[in-house]
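K.L.:
final.csv (CSV, C-alpha atoms) pasted underneath:
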```
chain,number,residue,atom,x,y,z
A,1,MET,CA,24.8,-17.2,28.6
A,2,ASN,CA,21.3,-16.4,27.5
A,3,PRO,CA,18.9,-19.3,28.5
A,4,LYS,CA,17.1,-18.7,25.3
A,5,ARG,CA,19.4,-18.3,22.3
A,6,CYS,CA,18.8,-15.3,19.9
A,7,ALA,CA,17.9,-16.1,16.3
A,8,ALA,CA,21.5,-15.4,15.2
A,9,CYS,CA,23.1,-17.8,17.6
A,10,LYS,CA,20.5,-20.4,16.8
A,11,TYR,CA,21.2,-20.0,13.1
A,12,LEU,CA,24.9,-20.1,13.7
A,13,ARG,CA,24.6,-23.1,16.1
A,14,ARG,CA,26.5,-21.6,18.8
A,15,LYS,CA,26.1,-20.6,22.4
A,16,CYS,CA,24.4,-17.2,22.9
A,17,PRO,CA,26.6,-15.2,25.4
A,18,LYS,CA,25.1,-12.6,27.7
A,19,ASP,CA,26.8,-9.8,25.7
A,20,CYS,CA,25.8,-11.2,22.3
A,21,ILE,CA,25.8,-8.3,19.9
A,22,PHE,CA,22.9,-9.8,17.9
A,23,SER,CA,20.5,-10.8,20.6
A,24,PRO,CA,18.8,-7.4,21.2
A,25,TYR,CA,17.9,-7.2,17.5
A,26,PHE,CA,17.3,-10.8,16.4
A,27,PRO,CA,14.7,-12.3,18.8
A,28,PRO,CA,14.3,-16.1,18.5
A,29,SER,CA,10.7,-15.5,17.4
A,30,ASP,CA,11.9,-14.2,13.9
A,31,PRO,CA,14.5,-16.6,12.5
A,32,HIS,CA,13.9,-15.4,9.0
A,33,LYS,CA,15.2,-11.9,9.7
A,34,PHE,CA,18.7,-13.1,10.6
A,35,ALA,CA,18.8,-15.7,7.9
A,36,CYS,CA,18.1,-13.1,5.2
A,37,ILE,CA,20.8,-10.7,6.5
A,38,HIS,CA,23.3,-13.5,6.9
A,39,ARG,CA,22.7,-14.7,3.4
A,40,ILE,CA,23.5,-11.2,1.9
A,41,TYR,CA,26.0,-9.7,4.3
A,42,GLY,CA,27.4,-12.5,6.5
A,43,ALA,CA,27.3,-12.6,10.3
A,44,GLY,CA,30.9,-11.4,10.6
A,45,ASN,CA,30.3,-8.2,8.5
A,46,VAL,CA,27.1,-7.4,10.3
A,47,SER,CA,28.8,-7.9,13.7
A,48,LYS,CA,31.6,-5.5,12.6
A,49,MET,CA,29.1,-2.9,11.3
A,50,LEU,CA,27.2,-3.0,14.6
A,51,GLN,CA,30.3,-2.7,16.7
A,52,GLN,CA,31.3,0.5,14.9
A,53,LEU,CA,27.9,2.1,15.7
A,54,PRO,CA,26.7,3.8,18.8
A,55,VAL,CA,24.3,1.5,20.7
A,56,GLN,CA,21.3,3.8,20.2
A,57,THR,CA,21.6,3.6,16.4
A,58,ARG,CA,22.0,-0.2,16.1
A,59,ALA,CA,18.3,-1.1,16.0
A,60,GLU,CA,17.7,1.3,13.1
A,61,ALA,CA,20.8,-0.1,11.3
A,62,VAL,CA,19.6,-3.6,11.7
A,63,GLU,CA,16.2,-2.7,10.3
A,64,SER,CA,17.7,-1.0,7.3
A,65,LEU,CA,20.1,-3.9,6.7
A,66,SER,CA,17.1,-6.3,7.0
A,67,PHE,CA,15.2,-4.2,4.4
A,68,GLU,CA,18.1,-4.1,2.0
A,69,ALA,CA,18.8,-7.8,2.4
A,70,LYS,CA,15.1,-8.6,1.7
A,71,CYS,CA,15.2,-6.4,-1.4
A,72,ARG,CA,18.3,-8.2,-2.6
A,73,VAL,CA,16.7,-11.6,-2.1
A,74,ASP,CA,13.6,-10.5,-3.9
A,75,ASP,CA,15.6,-8.9,-6.7
A,76,PRO,CA,19.1,-10.4,-6.9
A,77,VAL,CA,20.2,-8.1,-9.8
A,78,TYR,CA,19.1,-4.7,-8.5
A,79,GLY,CA,18.1,-5.1,-4.9
A,80,CYS,CA,16.8,-1.9,-3.3
A,81,VAL,CA,18.6,0.1,-6.1
A,82,GLY,CA,15.6,-0.9,-8.2
A,83,ILE,CA,13.3,1.0,-5.9
A,84,ILE,CA,15.5,4.0,-6.1
A,85,SER,CA,15.4,4.0,-9.8
A,86,LEU,CA,11.6,3.7,-9.9
A,87,LEU,CA,11.3,6.6,-7.5
A,88,GLN,CA,13.6,8.7,-9.6
A,89,THR,CA,11.6,7.9,-12.7
A,90,GLN,CA,8.4,8.8,-10.8
A,91,ILE,CA,9.9,12.1,-9.7
A,92,GLN,CA,10.9,13.0,-13.3
A,93,LYS,CA,7.4,12.2,-14.6
A,94,THR,CA,5.7,14.1,-11.9
A,95,GLN,CA,7.9,17.1,-12.3
A,96,THR,CA,7.2,17.2,-16.1
A,97,LEU,CA,3.5,16.9,-15.5
A,98,LEU,CA,3.6,19.6,-12.8
A,99,ALA,CA,5.5,22.0,-15.1
A,100,LYS,CA,2.9,21.4,-17.9
A,101,THR,CA,0.0,21.8,-15.5
A,102,GLN,CA,1.4,25.1,-14.1
A,103,ALA,CA,2.0,26.3,-17.6
A,104,ASP,CA,-1.6,25.5,-18.6
A,105,CYS,CA,-2.7,27.3,-15.5
A,106,CYS,CA,-0.8,30.4,-16.5
A,107,CYS,CA,-2.3,30.3,-20.0
A,108,SER,CA,-5.8,29.9,-18.6
A,109,ASN,CA,-5.3,32.8,-16.3
A,110,GLN,CA,-4.2,35.0,-19.2
A,111,THR,CA,-7.2,34.2,-21.4
B,112,MET,CA,40.5,-11.3,-17.4
B,113,GLY,CA,43.0,-13.1,-15.2
B,114,GLY,CA,45.5,-15.7,-16.3
B,115,PRO,CA,49.3,-16.2,-16.8
B,116,GLY,CA,51.0,-13.0,-18.0
B,117,SER,CA,48.0,-10.7,-17.4
B,118,SER,CA,47.5,-8.4,-14.4
B,119,PRO,CA,45.3,-9.9,-11.6
B,120,CYS,CA,41.9,-8.3,-11.2
B,121,ALA,CA,41.3,-5.9,-8.3
B,122,SER,CA,39.6,-8.6,-6.2
B,123,CYS,CA,42.4,-11.1,-6.5
B,124,LYS,CA,44.9,-8.3,-5.8
B,125,LEU,CA,43.1,-7.4,-2.6
B,126,LEU,CA,42.6,-11.0,-1.6
B,127,ARG,CA,46.2,-11.7,-2.4
B,128,ARG,CA,45.6,-14.7,-4.5
B,129,ARG,CA,46.3,-16.0,-8.0
B,130,CYS,CA,43.8,-14.6,-10.5
B,131,ALA,CA,42.5,-17.6,-12.4
B,132,LYS,CA,41.4,-17.5,-16.0
B,133,GLU,CA,37.8,-18.2,-15.0
B,134,CYS,CA,37.9,-15.7,-12.1
B,135,ILE,CA,34.3,-14.7,-11.5
B,136,PHE,CA,35.3,-11.2,-10.4
B,137,ALA,CA,37.7,-10.3,-13.1
B,138,PRO,CA,35.2,-9.0,-15.8
B,139,TYR,CA,33.7,-6.6,-13.2
B,140,PHE,CA,36.6,-5.5,-11.1
B,141,PRO,CA,39.4,-4.3,-13.3
B,142,PRO,CA,42.8,-3.7,-11.7
B,143,ASP,CA,42.7,0.0,-12.4
B,144,ASP,CA,39.8,0.5,-9.9
B,145,PRO,CA,40.8,-1.1,-6.6
B,146,HIS,CA,38.3,1.0,-4.6
B,147,LYS,CA,35.3,-0.6,-6.3
B,148,PHE,CA,36.0,-4.1,-5.0
B,149,ALA,CA,37.4,-2.9,-1.7
B,150,ILE,CA,34.1,-1.2,-0.8
B,151,VAL,CA,31.9,-4.2,-1.9
B,152,HIS,CA,34.2,-6.6,0.0
B,153,LYS,CA,33.9,-4.4,3.1
B,154,VAL,CA,30.1,-4.4,3.2
B,155,PHE,CA,29.1,-7.7,1.6
B,156,GLY,CA,32.3,-9.9,1.7
B,157,ALA,CA,34.0,-11.5,-1.2
B,158,SER,CA,32.5,-14.9,-0.7
B,159,ASN,CA,28.9,-13.6,-0.5
B,160,VAL,CA,29.4,-11.5,-3.7
B,161,SER,CA,30.9,-14.6,-5.4
B,162,LYS,CA,27.9,-16.7,-4.4
B,163,MET,CA,25.5,-14.0,-5.6
B,164,LEU,CA,27.2,-13.7,-9.0
B,165,GLN,CA,27.3,-17.5,-9.4
B,166,GLU,CA,23.5,-17.6,-9.0
B,167,LEU,CA,22.9,-15.1,-11.8
B,168,PRO,CA,23.0,-15.5,-15.5
B,169,VAL,CA,26.2,-14.0,-17.0
B,170,HIS,CA,24.4,-11.2,-18.8
B,171,GLN,CA,23.0,-9.9,-15.5
B,172,ARG,CA,26.1,-9.9,-13.5
B,173,ALA,CA,27.4,-6.5,-14.6
B,174,ASP,CA,24.2,-4.8,-13.4
B,175,ALA,CA,24.3,-6.8,-10.2
B,176,VAL,CA,27.8,-5.7,-9.5
B,177,ASN,CA,27.0,-2.1,-10.2
B,178,SER,CA,24.0,-2.2,-7.8
B,179,LEU,CA,26.1,-3.8,-5.1
B,180,VAL,CA,28.7,-1.1,-5.5
B,181,PHE,CA,26.0,1.5,-5.2
B,182,GLU,CA,24.6,0.0,-2.1
B,183,ALA,CA,28.0,-0.5,-0.5
B,184,ASN,CA,28.8,3.1,-1.2
B,185,ALA,CA,25.5,4.2,0.4
B,186,ARG,CA,26.2,2.1,3.4
B,187,VAL,CA,29.7,3.4,3.9
B,188,ARG,CA,28.4,7.0,3.6
B,189,ASP,CA,25.5,6.4,6.0
B,190,PRO,CA,26.3,3.3,8.2
B,191,VAL,CA,22.8,3.5,9.9
B,192,TYR,CA,20.4,3.8,7.0
B,193,GLY,CA,22.4,3.1,3.8
B,194,CYS,CA,20.2,3.1,0.8
B,195,VAL,CA,17.0,3.2,2.9
B,196,GLY,CA,17.8,6.9,3.7
B,197,ALA,CA,17.8,7.7,0.0
B,198,ILE,CA,14.6,5.8,-0.6
B,199,SER,CA,12.9,7.7,2.2
B,200,TYR,CA,14.1,11.0,0.9
B,201,LEU,CA,12.9,10.3,-2.7
B,202,GLN,CA,9.5,9.0,-1.4
B,203,ASN,CA,9.0,12.3,0.4
B,204,GLN,CA,9.9,14.2,-2.8
B,205,VAL,CA,7.3,12.2,-4.8
B,206,THR,CA,4.7,13.0,-2.2
B,207,GLN,CA,5.5,16.7,-2.2
B,208,LEU,CA,5.3,16.8,-6.0
B,209,GLN,CA,2.0,14.9,-6.0
B,210,MET,CA,0.6,17.5,-3.6
B,211,GLN,CA,1.8,20.4,-5.8
B,212,LEU,CA,0.3,18.7,-8.8
B,213,ALA,CA,-3.0,18.3,-7.1
B,214,VAL,CA,-3.1,22.0,-6.2
B,215,ALA,CA,-2.2,23.0,-9.7
B,216,GLN,CA,-4.9,20.7,-11.2
B,217,THR,CA,-7.5,22.1,-8.8
B,218,GLU,CA,-6.6,25.6,-9.9
B,219,ILE,CA,-7.0,24.7,-13.5
B,220,LEU,CA,-10.4,23.1,-12.7
B,221,CYS,CA,-11.5,26.3,-10.9
B,222,ILE,CA,-10.4,28.5,-13.8
B,223,GLN,CA,-12.2,26.2,-16.3
B,224,MET,CA,-15.3,26.4,-14.3
B,225,GLN,CA,-15.2,30.1,-14.1
B,226,HIS,CA,-14.9,30.2,-17.9
B,227,GLU,CA,-18.0,28.1,-18.3
B,228,PRO,CA,-20.8,30.7,-17.8
B,229,THR,CA,-23.6,28.1,-18.1
B,230,LEU,CA,-22.2,26.1,-15.2
B,231,GLN,CA,-22.0,29.1,-12.8
B,232,SER,CA,-25.8,29.2,-12.2
B,233,HIS,CA,-25.9,25.5,-11.3
B,234,HIS,CA,-22.7,24.9,-9.4
B,235,GLU,CA,-21.1,26.5,-6.5
B,236,VAL,CA,-18.1,28.4,-7.8
B,237,PHE,CA,-15.2,28.5,-5.5
B,238,GLU,CA,-11.7,29.8,-5.7
B,239,LEU,CA,-8.7,28.6,-3.9
B,240,ASP,CA,-7.1,31.7,-2.3
B,241,GLN,CA,-3.7,31.7,-0.8
B,242,ASP,CA,-5.0,30.7,2.6
B,243,ASP,CA,-6.9,27.7,1.3
B,244,LYS,CA,-3.8,26.6,-0.7
B,245,ALA,CA,-1.6,27.0,2.4
B,246,HIS,CA,-4.1,25.0,4.5
B,247,LEU,CA,-4.2,22.2,1.9
B,248,LEU,CA,-0.4,22.0,1.8
B,249,HIS,CA,0.0,22.4,5.6
B,250,SER,CA,-2.5,19.6,6.4
B,251,ASN,CA,-0.6,17.3,4.0
B,252,ASN,CA,2.7,18.3,5.4
B,253,ASN,CA,1.6,17.4,8.9
B,254,SER,CA,0.9,13.9,7.5
B,255,ILE,CA,4.4,13.7,6.2
B,256,ASN,CA,5.9,15.0,9.5
B,257,ASN,CA,4.1,12.3,11.3
B,258,CYS,CA,6.3,9.7,9.5
B,259,ASN,CA,9.7,11.1,10.3
B,260,ASN,CA,11.2,7.7,10.8
B,261,ASN,CA,13.2,7.0,7.7
B,262,TYR,CA,13.1,3.3,8.0
B,263,ASN,CA,9.4,2.9,8.8
B,264,LEU,CA,8.5,4.9,5.6
B,265,ALA,CA,10.7,2.8,3.3
B,266,TYR,CA,9.8,-0.5,5.1
B,267,ALA,CA,6.1,0.3,5.0
B,268,MET,CA,6.4,0.9,1.2
B,269,SER,CA,8.2,-2.4,0.6
B,270,SER,CA,5.9,-4.6,2.7
B,271,GLY,CA,2.7,-3.0,1.4
B,272,GLN,CA,1.7,-1.6,4.8
B,273,LEU,CA,0.9,1.8,3.4
B,274,ASN,CA,-1.2,4.3,5.3
B,275,SER,CA,-3.7,6.4,3.4
B,276,ASN,CA,-1.6,9.5,3.4
B,277,PHE,CA,0.9,8.0,1.0
B,278,ALA,CA,-1.5,5.6,-0.8
B,279,SER,CA,-1.6,7.5,-4.0
B,280,PRO,CA,2.1,7.8,-5.0
B,281,SER,CA,3.2,4.7,-3.3
B,282,SER,CA,0.5,2.6,-4.9
B,283,ILE,CA,1.8,3.8,-8.3
B,284,ILE,CA,5.2,2.7,-7.3
B,285,GLN,CA,3.9,-0.7,-6.1
B,286,MET,CA,2.2,-1.2,-9.5
B,287,GLN,CA,5.4,-0.2,-11.3
B,288,MET,CA,7.4,-2.6,-9.1
B,289,GLN,CA,5.6,-5.5,-10.7
B,290,ASP,CA,7.2,-4.5,-14.0
B,291,PRO,CA,10.7,-3.6,-13.2
B,292,LEU,CA,12.4,-0.9,-15.3
B,293,LYS,CA,16.0,-1.0,-16.7
B,294,GLN,CA,18.3,0.7,-14.3
B,295,GLU,CA,20.8,2.2,-16.8
B,296,SER,CA,20.1,5.8,-15.7
B,297,LEU,CA,21.7,5.2,-12.3
B,298,TRP,CA,25.2,4.6,-13.5
B,299,THR,CA,25.4,5.6,-17.1
```
Could you render the structure as structure tokens?

P.N.:
Amino acid sequence: MNPKRCAACKYLRRKCPKDCIFSPYFPPSDPHKFACIHRIYGAGNVSKMLQQLPVQTRAEAVESLSFEAKCRVDDPVYGCVGIISLLQTQIQKTQTLLAKTQADCCCSNQT
Amino acid sequence: MGGPGSSPCASCKLLRRRCAKECIFAPYFPPDDPHKFAIVHKVFGASNVSKMLQELPVHQRADAVNSLVFEANARVRDPVYGCVGAISYLQNQVTQLQMQLAVAQTEILCIQMQHEPTLQSHHEVFELDQDDKAHLLHSNNNSINNCNNNYNLAYAMSSGQLNSNFASPSSIIQMQMQDPLKQESLWT
């Protein structure tokens, strides 16, 4: 058992075993990170997701889950999908402006 | 909607329970699309989704369900990065387009300056030849290549820790995020 419980086991009020799947990614110094993920996904779902991933990819997976959970807490209706929508709109506007600018460039070159 | 005589909704079918008249899932998970609830349940869990919906006004729940389905699909497709991978990809696209726009606007400015004969005697006239353009794009591409980590890019954007290479497009997005847009385009 880990002498110092990870943030997940502290939150779940349980012992933190040596092979705790959460402990490498949820240090006790950052309790909010696990709290946010647990609120959106649940400890059981996160544990299942991590178990299905190779060990070397789990840290990245936790960070992306943490990001999405935070987005969902900040925006309960759209979550990080809101960001995607904004980016798509930004891309459309920039493409339109670029096409117009390039067309103006061609016209200016011809005069 | 669930109730005596009517077909249970997709969620109650999957959860193997009676579909109550006031079932919170029934309006959004019709029985003819079992996959929709299955994927949301797999990623978020039925009880978490139920709690999230209960905390929202009724008129926002349909959009919330659609965004949860979108995120769940993204997570199943990419178990490591989920939606964050898409955000990073789109952010890169925005940056690339902004660079192309800057080059095009600079070209127009040069052409305009060339057409102003009175300015030529007072200002240094310069043209961007192909080498200059390539250098401009290459130096900006190096900045993007330095941020290959998908997560760090998206996380930096969300937490406001933006480096100067992406300050211009990302700050626009940050400003827009203060006035959220409707999201119909994603799933209509």

K.L.:
Identify all chain B residues at most 6 Å from chain A by counting all atoms listed in the file; ligands do not count. Present them as a list in words.

P.N.:
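The complete set of qualifying residues is Phe155, Ala175, Ser178, Val191, Tyr192, Ile198, Val205, Leu212 and Ile219 of chain B.
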
K.L.:
Need to verify the contact set: Arg14 in chain A, 12 Å, only C-alpha atoms, exclusion of same-chain residues closer than 3 positions in sequence. Can you return it as a ChimeraX atom specification?

P.N.:
/A:1-2,4-11,17,20

K.L.:
I'd like the interatomic distance between CA of Ser158 in chain B and CA of Asp19 in chain A, to a tenth of an Å.

P.N.:
27.5 Å

K.L.:
Suppose you want the space between CA of Ala149 in chain B and CA of Leu12 in chain A; what is it in Å?

P.N.:
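These two atoms are separated by 26.3 Å.
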
K.L.:
Report, in Å with one decimal, the straight-line distance from CA of Ser47 in chain A to CA of Ala197 in chain B.

P.N.:
23.5 Å

K.L.:
From the set B:Val154, B:Val187, B:Cys123, B:Ala137, which residue has the shortest atom-to-atom contact distance to Arg172 in chain B, counting all atoms listed in the file?

P.N.:
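Looking at the shortest contact to Arg172 in chain B, the residue is B:Ala137.
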
K.L.:
Name the closest residue to Phe34 in chain A among the candidates A:Gln51, A:Thr96, A:Ala69, A:Gln110; distances are taken between atoms, counting only C-alpha atoms.

P.N.:
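For Phe34 in chain A, the nearest of the given residues is A:Ala69.
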